[in-house]
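Okay, model_1.cif now, which holds mmCIF, C-alpha atoms and all ligand atoms:
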data_final
#
loop_
_atom_site.label_atom_id
_atom_site.label_comp_id
_atom_site.auth_asym_id
_atom_site.auth_seq_id
_atom_site.Cartn_x
_atom_site.Cartn_y
_atom_site.Cartn_z
CA VAL V 1 -65.52 -40.50 -95.13
CA CYS V 2 -62.22 -39.94 -96.92
CA THR V 3 -63.08 -38.14 -100.16
CA SER V 4 -59.56 -37.90 -101.58
CA LYS V 5 -59.16 -38.80 -105.25
CA THR V 6 -55.38 -39.32 -104.91
CA ASP V 7 -53.96 -42.05 -107.13
CA LEU V 8 -50.89 -43.90 -105.84
CA THR V 9 -49.40 -45.27 -109.06
CA GLY V 10 -45.63 -45.59 -108.53
CA LYS V 11 -45.94 -45.15 -104.74
CA THR V 12 -45.03 -47.70 -102.06
CA VAL V 13 -46.97 -48.11 -98.82
CA ILE V 14 -46.23 -50.26 -95.77
CA ILE V 15 -49.21 -51.14 -93.54
CA THR V 16 -48.66 -53.12 -90.34
CA GLY V 17 -51.30 -55.60 -89.20
CA CYS V 18 -53.44 -55.41 -92.32
CA ASN V 19 -54.58 -59.02 -92.67
CA THR V 20 -57.77 -58.14 -90.76
CA GLY V 21 -59.72 -55.32 -89.13
CA ILE V 22 -59.18 -51.66 -89.95
CA GLY V 23 -55.79 -52.26 -91.60
CA TYR V 24 -57.32 -54.65 -94.12
CA TYR V 25 -59.74 -51.98 -95.38
CA VAL V 26 -56.92 -49.41 -95.54
CA ALA V 27 -54.93 -51.86 -97.69
CA LEU V 28 -57.95 -52.60 -99.89
CA ASP V 29 -58.64 -48.91 -100.54
CA LEU V 30 -54.98 -48.13 -101.31
CA ALA V 31 -54.82 -51.16 -103.63
CA PHE V 32 -57.72 -49.68 -105.63
CA ARG V 33 -55.54 -46.55 -105.93
CA ASN V 34 -52.78 -48.61 -107.60
CA ALA V 35 -50.24 -48.44 -104.74
CA ARG V 36 -47.54 -51.04 -104.28
CA ILE V 37 -48.51 -52.37 -100.85
CA ILE V 38 -46.23 -54.16 -98.43
CA MET V 39 -48.40 -56.05 -95.95
CA ALA V 40 -46.34 -56.17 -92.74
CA CYS V 41 -48.04 -58.99 -90.84
CA ARG V 42 -46.98 -61.75 -88.45
CA ASN V 43 -49.06 -64.70 -89.65
CA ALA V 44 -48.17 -65.90 -93.17
CA GLU V 45 -51.34 -67.93 -93.65
CA LYS V 46 -53.68 -65.07 -92.66
CA ALA V 47 -51.63 -62.47 -94.56
CA ASN V 48 -51.49 -64.49 -97.78
CA ALA V 49 -55.25 -65.15 -97.63
CA ALA V 50 -55.89 -61.40 -97.20
CA LYS V 51 -53.40 -60.60 -99.98
CA GLU V 52 -55.16 -62.93 -102.43
CA LYS V 53 -58.54 -61.38 -101.53
CA ILE V 54 -57.21 -57.87 -102.18
CA ILE V 55 -55.65 -58.88 -105.50
CA ALA V 56 -58.86 -60.63 -106.59
CA GLU V 57 -61.04 -57.64 -105.65
CA THR V 58 -58.84 -54.85 -107.03
CA GLY V 59 -56.85 -56.48 -109.83
CA ASN V 60 -53.73 -54.83 -108.32
CA LYS V 61 -50.99 -57.47 -108.34
CA GLN V 62 -48.41 -55.28 -106.59
CA ILE V 63 -49.40 -56.54 -103.14
CA VAL V 64 -46.51 -58.08 -101.22
CA PHE V 65 -46.43 -59.86 -97.87
CA GLN V 66 -43.35 -59.31 -95.69
CA GLN V 67 -43.37 -61.13 -92.37
CA VAL V 68 -42.77 -59.19 -89.15
CA ASN V 69 -43.58 -59.95 -85.54
CA LEU V 70 -43.99 -56.55 -83.92
CA SER V 71 -43.59 -57.97 -80.43
CA SER V 72 -39.94 -58.82 -81.24
CA LEU V 73 -37.39 -56.03 -81.64
CA GLN V 74 -35.16 -58.38 -83.62
CA SER V 75 -37.98 -59.13 -86.04
CA VAL V 76 -38.66 -55.39 -86.47
CA ARG V 77 -34.95 -54.77 -87.19
CA GLN V 78 -34.79 -57.65 -89.69
CA PHE V 79 -37.95 -56.41 -91.42
CA ALA V 80 -36.54 -52.87 -91.71
CA GLU V 81 -33.23 -54.21 -93.07
CA ARG V 82 -35.09 -56.16 -95.78
CA ILE V 83 -37.15 -53.11 -96.73
CA ILE V 84 -34.08 -50.85 -96.93
CA LYS V 85 -32.25 -53.45 -99.05
CA GLU V 86 -35.11 -54.32 -101.39
CA GLU V 87 -37.19 -51.14 -101.75
CA SER V 88 -36.09 -48.03 -103.60
CA ARG V 89 -38.77 -45.83 -102.01
CA LEU V 90 -41.33 -45.61 -99.21
CA ASP V 91 -44.08 -43.03 -99.56
CA ILE V 92 -46.48 -43.93 -96.76
CA LEU V 93 -45.89 -45.90 -93.56
CA ILE V 94 -49.05 -46.83 -91.65
CA ASN V 95 -48.35 -48.11 -88.15
CA ASN V 96 -51.74 -49.73 -87.66
CA ALA V 97 -51.14 -53.03 -85.81
CA GLY V 98 -52.17 -53.03 -82.19
CA ILE V 99 -53.29 -55.31 -79.41
CA MET V 100 -55.49 -54.91 -76.38
CA HIS V 101 -55.18 -57.58 -73.73
CA SER V 102 -53.78 -58.33 -70.32
CA ASN V 103 -50.34 -56.87 -69.71
CA SER V 104 -48.98 -59.93 -67.94
CA LEU V 105 -47.27 -61.30 -71.08
CA LEU V 106 -43.59 -60.52 -71.62
CA THR V 107 -41.70 -60.54 -74.93
CA GLU V 108 -38.30 -62.13 -75.60
CA ASP V 109 -36.87 -58.63 -75.00
CA GLY V 110 -38.36 -58.50 -71.50
CA LEU V 111 -40.91 -55.88 -72.53
CA THR V 112 -44.61 -56.06 -71.80
CA THR V 113 -46.12 -57.47 -75.01
CA ILE V 114 -48.79 -54.80 -75.29
CA TYR V 115 -46.23 -51.94 -74.92
CA ALA V 116 -43.78 -53.68 -77.28
CA THR V 117 -46.40 -54.12 -80.01
CA ASN V 118 -48.28 -50.84 -79.65
CA HIS V 119 -45.43 -48.41 -79.00
CA PHE V 120 -41.87 -49.75 -79.13
CA ALA V 121 -42.33 -51.53 -82.49
CA PRO V 122 -43.79 -48.57 -84.43
CA PHE V 123 -41.28 -46.25 -82.74
CA LEU V 124 -38.32 -48.43 -83.78
CA LEU V 125 -39.67 -49.26 -87.24
CA THR V 126 -40.34 -45.62 -88.11
CA ASN V 127 -36.91 -44.49 -86.95
CA LEU V 128 -35.21 -47.29 -88.92
CA LEU V 129 -37.14 -46.35 -92.08
CA LEU V 130 -36.86 -42.58 -91.68
CA ASP V 131 -34.00 -42.10 -94.18
CA LEU V 132 -35.99 -44.00 -96.82
CA LEU V 133 -39.10 -41.93 -96.05
CA GLN V 134 -37.07 -38.73 -96.28
CA SER V 135 -35.45 -39.70 -99.58
CA SER V 136 -38.97 -40.43 -100.94
CA ALA V 137 -40.42 -37.08 -99.73
CA PRO V 138 -43.12 -35.89 -99.68
CA SER V 139 -43.96 -38.89 -97.52
CA ARG V 140 -46.23 -39.64 -94.59
CA VAL V 141 -46.27 -41.66 -91.37
CA ILE V 142 -49.63 -42.50 -89.80
CA ASN V 143 -49.74 -43.83 -86.25
CA VAL V 144 -53.03 -45.43 -85.27
CA SER V 145 -53.81 -44.33 -81.72
CA SER V 146 -57.15 -44.14 -79.89
CA HIS V 147 -59.34 -41.79 -77.86
CA GLY V 148 -58.39 -44.29 -75.16
CA HIS V 149 -55.13 -42.29 -74.85
CA LYS V 150 -57.15 -39.73 -72.87
CA ILE V 151 -57.04 -41.90 -69.75
CA GLY V 152 -53.39 -42.83 -70.31
CA SER V 153 -50.16 -41.61 -68.79
CA ILE V 154 -46.47 -42.28 -69.42
CA ARG V 155 -44.44 -43.58 -66.51
CA PHE V 156 -40.85 -43.81 -67.73
CA GLU V 157 -39.71 -45.72 -64.65
CA ASN V 158 -41.76 -48.77 -65.62
CA MET V 159 -42.58 -48.24 -69.27
CA LYS V 160 -40.72 -51.38 -70.30
CA CYS V 161 -42.43 -53.52 -67.71
CA PRO V 162 -45.71 -51.85 -66.63
CA MET V 163 -47.03 -55.07 -65.13
CA LEU V 164 -45.09 -53.99 -62.06
CA ASP V 165 -47.22 -50.90 -61.88
CA ASP V 166 -50.49 -51.51 -60.04
CA GLY V 167 -53.39 -49.55 -61.38
CA ASN V 168 -51.90 -49.06 -64.82
CA ARG V 169 -54.01 -48.84 -67.95
CA THR V 170 -51.40 -50.16 -70.32
CA TYR V 171 -53.42 -50.02 -73.57
CA ALA V 172 -54.34 -46.38 -72.93
CA ASN V 173 -50.73 -45.58 -71.99
CA THR V 174 -49.42 -47.06 -75.26
CA LYS V 175 -51.97 -45.05 -77.23
CA LEU V 176 -50.82 -41.88 -75.45
CA ALA V 177 -47.27 -42.84 -76.44
CA ASN V 178 -48.50 -42.99 -80.08
CA VAL V 179 -49.87 -39.42 -79.81
CA LEU V 180 -46.67 -38.06 -78.24
CA PHE V 181 -44.39 -40.01 -80.60
CA THR V 182 -46.25 -38.42 -83.53
CA ARG V 183 -45.88 -34.89 -82.13
CA GLU V 184 -42.12 -35.22 -81.55
CA LEU V 185 -41.59 -37.01 -84.89
CA ALA V 186 -43.29 -34.05 -86.60
CA ARG V 187 -40.92 -31.66 -84.81
CA ARG V 188 -37.88 -33.70 -85.85
CA THR V 189 -38.96 -34.02 -89.49
CA GLU V 190 -40.09 -30.41 -89.97
CA GLY V 191 -38.89 -29.10 -93.32
CA LYS V 192 -37.76 -32.56 -94.42
CA GLY V 193 -40.87 -33.48 -96.40
CA VAL V 194 -42.18 -36.09 -93.97
CA SER V 195 -45.62 -35.43 -92.43
CA THR V 196 -46.99 -37.49 -89.60
CA PHE V 197 -50.40 -37.84 -87.98
CA SER V 198 -51.91 -39.86 -85.15
CA VAL V 199 -55.42 -41.17 -85.66
CA HIS V 200 -58.42 -42.32 -83.65
CA PRO V 201 -60.25 -44.64 -86.07
CA GLY V 202 -63.43 -44.78 -83.98
CA PHE V 203 -64.88 -47.60 -81.89
CA CYS V 204 -64.96 -50.37 -84.49
CA ASP V 205 -66.16 -53.95 -84.68
CA THR V 206 -62.83 -55.78 -85.18
CA GLU V 207 -60.76 -58.54 -83.61
CA LEU V 208 -59.13 -56.03 -81.23
CA PHE V 209 -61.43 -57.17 -78.45
CA ARG V 210 -60.73 -60.90 -79.02
CA PHE V 211 -59.16 -61.32 -75.56
CA MET V 212 -62.12 -59.85 -73.71
CA PRO V 213 -64.73 -62.11 -72.12
CA SER V 214 -67.24 -63.22 -74.75
CA LEU V 215 -70.14 -61.63 -72.87
CA VAL V 216 -68.44 -58.21 -73.03
CA GLN V 217 -67.71 -58.78 -76.72
CA ALA V 218 -71.34 -59.66 -77.36
CA LEU V 219 -72.52 -56.52 -75.53
CA MET V 220 -70.07 -54.35 -77.43
CA THR V 221 -71.24 -55.49 -80.85
CA ARG V 222 -74.77 -54.44 -79.89
CA TYR V 223 -73.58 -50.88 -79.28
CA PRO V 224 -75.44 -48.90 -81.98
CA LEU V 225 -72.67 -46.38 -82.61
CA MET V 226 -70.00 -49.00 -83.25
CA LYS V 227 -68.33 -48.48 -86.63
CA THR V 228 -67.44 -51.15 -89.15
CA ALA V 229 -63.75 -51.76 -89.87
CA LYS V 230 -64.24 -50.10 -93.28
CA GLU V 231 -65.62 -46.98 -91.60
CA GLY V 232 -62.68 -47.09 -89.15
CA ALA V 233 -60.26 -46.99 -92.08
CA GLN V 234 -61.52 -43.59 -93.30
CA THR V 235 -59.55 -41.22 -91.05
CA ILE V 236 -56.36 -43.19 -91.66
CA LEU V 237 -56.98 -42.89 -95.42
CA HIS V 238 -57.68 -39.16 -95.05
CA CYS V 239 -54.34 -38.64 -93.29
CA ALA V 240 -52.49 -40.81 -95.81
CA LEU V 241 -53.99 -39.24 -98.93
CA SER V 242 -55.49 -35.78 -98.50
CA GLU V 243 -53.66 -32.90 -100.10
CA GLY V 244 -52.83 -29.77 -98.12
CA ILE V 245 -52.82 -31.23 -94.61
CA GLU V 246 -49.01 -31.16 -94.27
CA SER V 247 -49.20 -27.99 -92.16
CA THR V 248 -51.00 -30.02 -89.48
CA SER V 249 -48.15 -32.53 -89.18
CA GLY V 250 -47.97 -33.87 -85.62
CA GLU V 251 -51.70 -33.46 -84.99
CA TYR V 252 -54.23 -36.03 -83.83
CA TYR V 253 -57.13 -36.79 -86.21
CA SER V 254 -60.58 -38.25 -85.65
CA ASP V 255 -63.50 -38.37 -88.12
CA CYS V 256 -61.22 -36.97 -90.86
CA LYS V 257 -60.43 -33.75 -88.97
CA VAL V 258 -57.96 -32.49 -86.37
CA SER V 259 -59.15 -33.44 -82.90
CA SER V 260 -58.06 -32.58 -79.39
CA THR V 261 -55.86 -34.76 -77.23
CA SER V 262 -55.59 -34.92 -73.48
CA ALA V 263 -53.26 -32.35 -71.86
CA LYS V 264 -50.75 -35.20 -71.44
CA GLY V 265 -50.96 -35.70 -75.19
CA ARG V 266 -49.48 -32.22 -75.65
CA ASP V 267 -46.59 -32.55 -73.21
CA MET V 268 -43.57 -32.06 -75.48
CA ALA V 269 -41.07 -32.71 -72.68
CA VAL V 270 -42.49 -36.22 -72.30
CA ALA V 271 -42.65 -36.59 -76.10
CA LYS V 272 -38.94 -35.77 -76.47
CA LYS V 273 -38.02 -38.18 -73.71
CA LEU V 274 -39.57 -41.10 -75.65
CA TRP V 275 -36.39 -41.06 -77.79
CA GLU V 276 -34.33 -41.94 -74.71
CA VAL V 277 -36.23 -45.18 -73.99
CA LEU V 278 -35.25 -48.33 -75.95
N1 LIG C 1 -61.30 -51.42 -83.02
C1 LIG C 1 -61.40 -50.29 -82.31
O1 LIG C 1 -62.46 -49.96 -81.75
C2 LIG C 1 -60.23 -49.39 -82.19
C3 LIG C 1 -59.00 -49.71 -82.72
N2 LIG C 1 -57.94 -48.85 -82.56
C4 LIG C 1 -56.63 -49.20 -83.10
O2 LIG C 1 -56.73 -49.58 -84.46
C5 LIG C 1 -55.63 -50.41 -84.82
C6 LIG C 1 -56.12 -51.61 -85.61
O3 LIG C 1 -56.88 -52.42 -84.74
P1 LIG C 1 -58.15 -53.27 -85.18
O4 LIG C 1 -58.24 -53.38 -86.64
O5 LIG C 1 -59.29 -52.75 -84.42
O6 LIG C 1 -57.75 -54.69 -84.53
P2 LIG C 1 -57.59 -56.17 -85.12
O7 LIG C 1 -57.28 -57.01 -83.94
O8 LIG C 1 -58.73 -56.52 -85.97
O9 LIG C 1 -56.28 -56.04 -86.04
C7 LIG C 1 -55.01 -55.85 -85.47
C8 LIG C 1 -53.93 -56.25 -86.44
O10 LIG C 1 -52.66 -56.12 -85.78
C9 LIG C 1 -51.94 -57.32 -85.98
N3 LIG C 1 -50.95 -57.60 -84.94
C10 LIG C 1 -51.17 -57.75 -83.61
N4 LIG C 1 -50.03 -58.08 -82.99
C11 LIG C 1 -49.06 -58.14 -83.95
C12 LIG C 1 -47.69 -58.45 -83.93
N5 LIG C 1 -47.04 -58.80 -82.81
N6 LIG C 1 -47.00 -58.41 -85.10
C13 LIG C 1 -47.63 -58.10 -86.25
N7 LIG C 1 -48.93 -57.80 -86.33
C14 LIG C 1 -49.64 -57.82 -85.19
C15 LIG C 1 -53.00 -58.40 -86.03
O11 LIG C 1 -52.48 -59.59 -86.60
P3 LIG C 1 -53.14 -61.06 -86.28
O12 LIG C 1 -54.38 -61.14 -87.11
O13 LIG C 1 -52.06 -62.00 -86.71
O14 LIG C 1 -53.42 -61.09 -84.81
C16 LIG C 1 -54.03 -57.71 -86.89
O15 LIG C 1 -53.66 -57.80 -88.24
C17 LIG C 1 -54.94 -50.77 -83.50
O16 LIG C 1 -53.77 -49.98 -83.36
C18 LIG C 1 -55.96 -50.39 -82.44
O17 LIG C 1 -55.36 -50.06 -81.21
C19 LIG C 1 -58.09 -47.65 -81.93
C20 LIG C 1 -59.30 -47.28 -81.42
C21 LIG C 1 -60.46 -48.12 -81.48
C1 LIG C 2 -67.24 -52.20 -72.40
C2 LIG C 2 -68.64 -52.08 -72.96
C3 LIG C 2 -69.02 -51.04 -73.80
C4 LIG C 2 -68.11 -49.98 -74.32
C5 LIG C 2 -66.95 -50.15 -74.83
C6 LIG C 2 -66.15 -49.13 -75.43
C7 LIG C 2 -66.68 -47.77 -75.61
C8 LIG C 2 -64.94 -49.44 -75.84
C9 LIG C 2 -64.04 -48.58 -76.52
C10 LIG C 2 -62.89 -49.06 -76.91
C11 LIG C 2 -61.92 -48.36 -77.66
C12 LIG C 2 -62.09 -46.96 -78.07
C13 LIG C 2 -60.85 -49.09 -77.98
C14 LIG C 2 -59.81 -48.78 -78.87
O1 LIG C 2 -58.90 -48.06 -78.67
C15 LIG C 2 -70.42 -50.88 -74.27
C16 LIG C 2 -70.50 -51.19 -75.73
C17 LIG C 2 -70.87 -49.45 -74.04
C18 LIG C 2 -71.38 -51.80 -73.54
C19 LIG C 2 -70.82 -53.17 -73.30
C20 LIG C 2 -69.56 -53.15 -72.51
#
When written as structure tokens, how does the structure in this file appear?
Ligand SMILES: NC(=O)C1=CN([C@@H]2O[C@H](COP(=O)(O)OP(=O)(O)OC[C@H]3O[C@@H](n4cnc5c(N)ncnc54)[C@H](OP(=O)(O)O)[C@@H]3O)[C@@H](O)[C@H]2O)C=CC1
Ligand SMILES: CC1=C(/C=C/C(C)=C/C=C/C(C)=C/C=O)C(C)(C)CCC1
Amino acid sequence: VCTSKTDLTGKTVIITGCNTGIGYYVALDLAFRNARIIMACRNAEKANAAKEKIIAETGNKQIVFQQVNLSSLQSVRQFAERIIKEESRLDILINNAGIMHSNSLLTEDGLTTIYATNHFAPFLLTNLLLDLLQSSAPSRVINVSSHGHKIGSIRFENMKCPMLDDGNRTYANTKLANVLFTRELARRTEGKGVSTFSVHPGFCDTELFRFMPSLVQALMTRYPLMKTAKEGAQTILHCALSEGIESTSGEYYSDCKVSSTSAKGRDMAVAKKLWEVL
């Protein structure tokens, strides 16, 4: 459990995909801490309903919805432009949104939807907002990854269109990209007041598994060690709020402590090369 007492009065936070699941509970907790929260979500109806719930529960009226579809690079660029124009500061960026489904869908940019949403969008968004994060330092970027990254690998030759790659595990590959992106981002922002962490939230009962067969979903929810979405929010909150963890920038966290990644998750040559794709 995140035990930080940090208050966020005067601070601005962006959380992607926070109308439901783990992101919702991150937003709710940070609203209790008086943050100005920008809910970066794709569905206006769902986002506004979640926003009203958070305002009603916390009394914090500084909750704003800004529409973004993370499976569209144009939408990500437009969102970042609006933020840069309208916001004077950005203290915490939480790249939480993610999807897990078949990789046969392609975006308008010709990317596999799952790779576009889980890796290319947070990669692009963070880089577009980096100057604002740096001018607001000390600031933080949290990238929500998964232990699933441990069976992932990065294949640059078909990263944009992995459906051509038989035997791929696209979700796991995107989560490995999150781990590596975080490590290289930490290297690039060293000494600039921006800290970044990748997080495994735990195996949580959320809508992430909505595209799986209902029988599998039913079996999963009977798994006794499954966390609630609120429990899944804790490590993200720890990385966003805890004092004195800046020296671990770039690391991967699970259960509110630094955790180990796969060997591929420590390959800095691959991490650096991520900046050459897109
Ligand atoms: N649940 C688990 O066991 C685990 C989850 N994770 C990670 O945690 C993160 C949160 O997932 P979780 O809460 O479980 O899942 P949910 O499906 O409950 O929430 C995902 C959120 O992402 C949003 N989203 C999806 N696609 C887009 C898009 N194109 N543009 C904008 N927003 C989008 C969803 O919006 P909408 O409601 O409109 O679909 C939703 O708000 C993900 O990165 C996931 O990979 C990691 C390990 C385990
Ligand atoms: C498939 C399946 C199971 C396990 C699923 C697990 C462990 C999923 C983990 C998913 C993660 C970590 C996703 C997020 O990144 C159970 C419940 C054992 C039994 C029912 C079928």
Discussion item. Need the shell around V:Pro122: protein/DNA/RNA residues with any atom at most 9 Å away, counting only C-alpha atoms. Skip same-chain ones fewer than 3 positions apart. Format as a PyMOL selection string?
Written reply: chain V and resi 16+70+76+95-97+116-119+125-127+143+178
Item to complete: May I have the residues within 6 Å of ligand LIG 1 (chain C), computed using all atoms listed in the file, as a ChimeraX atom specification?
Response: /V:17-23,41-43,68-71,96-99,117,144-146,200-208
Fill in: Distance criterion (only C-alpha atoms): nearest to V:Val277 out of V:Ile55, V:Met159, V:Leu105, V:Ile154
V:Met159
Please give me, as a PDB file with C-alpha atoms, in the coordinates of the input, the residues lying within 6 Å of ligand LIG 2 (chain C) when counting all atoms listed in the file.
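The file below, pocket.pdb, is the result:
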ATOM      1  CA  SER V 146     -57.150 -44.140 -79.890  1.00  0.00           C
ATOM      2  CA  HIS V 147     -59.340 -41.790 -77.860  1.00  0.00           C
ATOM      3  CA  GLY V 148     -58.390 -44.290 -75.160  1.00  0.00           C
ATOM      4  CA  PHE V 203     -64.880 -47.600 -81.890  1.00  0.00           C
ATOM      5  CA  VAL V 216     -68.440 -58.210 -73.030  1.00  0.00           C
ATOM      6  CA  LEU V 219     -72.520 -56.520 -75.530  1.00  0.00           C
ATOM      7  CA  MET V 220     -70.070 -54.350 -77.430  1.00  0.00           C
ATOM      8  CA  TYR V 223     -73.580 -50.880 -79.280  1.00  0.00           C
TER       9      TYR V 223
END
Item to complete: Can you work out which one of V:Arg33, V:Lys273, V:Lys85, V:Lys11 has the shortest atom-to-atom distance to V:Ser136, counting all atoms listed in the file?
Response: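 Ranked by minimum distance to V:Ser136, first place goes to V:Lys11.
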Item to complete: Mind listing whatever residues come within 8 Å of the point (-63.2, -45.0, -90.4)? Use all atoms listed in the file, file coordinates, and give them as number ranges by chain.
Response: V: 1, 22, 201-202, 227-236, 255
How would the residues just picked look written out with C-alpha atoms as a PDB file, keeping the file's coordinate frame?
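Final output, saved to selection_29.pdb:
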ATOM      1  CA  VAL V   1     -65.520 -40.500 -95.130  1.00  0.00           C
ATOM      2  CA  ILE V  22     -59.180 -51.660 -89.950  1.00  0.00           C
ATOM      3  CA  PRO V 201     -60.250 -44.640 -86.070  1.00  0.00           C
ATOM      4  CA  GLY V 202     -63.430 -44.780 -83.980  1.00  0.00           C
ATOM      5  CA  LYS V 227     -68.330 -48.480 -86.630  1.00  0.00           C
ATOM      6  CA  THR V 228     -67.440 -51.150 -89.150  1.00  0.00           C
ATOM      7  CA  ALA V 229     -63.750 -51.760 -89.870  1.00  0.00           C
ATOM      8  CA  LYS V 230     -64.240 -50.100 -93.280  1.00  0.00           C
ATOM      9  CA  GLU V 231     -65.620 -46.980 -91.600  1.00  0.00           C
ATOM     10  CA  GLY V 232     -62.680 -47.090 -89.150  1.00  0.00           C
ATOM     11  CA  ALA V 233     -60.260 -46.990 -92.080  1.00  0.00           C
ATOM     12  CA  GLN V 234     -61.520 -43.590 -93.300  1.00  0.00           C
ATOM     13  CA  THR V 235     -59.550 -41.220 -91.050  1.00  0.00           C
ATOM     14  CA  ILE V 236     -56.360 -43.190 -91.660  1.00  0.00           C
ATOM     15  CA  ASP V 255     -63.500 -38.370 -88.120  1.00  0.00           C
TER      16      ASP V 255
END
Practice prompt. Could you check how far atom CA of V:Ala172 sits from atom CA of V:Phe197, in Å to one decimal?
Written response: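 So the two atoms, atom CA of V:Ala172 and atom CA of V:Phe197, lie 17.7 Å apart.
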Fill in: Distance of atom CA of V:Leu176 from atom CA of V:Gly152, expressed in Å to one decimal place
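Spanning atom CA of V:Gly152 to atom CA of V:Leu176 is a straight-line distance of 5.8 Å.
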Practice prompt. Point out the residue among V:Gln66, V:Gln217, V:Asn168, V:Thr196 with the least atom-to-atom distance to V:Ser249, counting only C-alpha atoms.
Written response: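 Counting only C-alpha atoms, the residue closest to V:Ser249 is V:Thr196.
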Worksheet item: Using only C-alpha atoms, which of V:Val26, V:Ile114, V:Leu130, V:Leu278 sits nearest V:Ala186?
Response: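 Between V:Val26, V:Ile114, V:Leu130, V:Leu278, the residue approaching V:Ala186 most closely is V:Leu130.
Taking all atoms listed in the file into account, V:Ala269 lies nearest to V:Leu180 out of the set V:Val13, V:Leu180, V:Ile54, V:Leu225.
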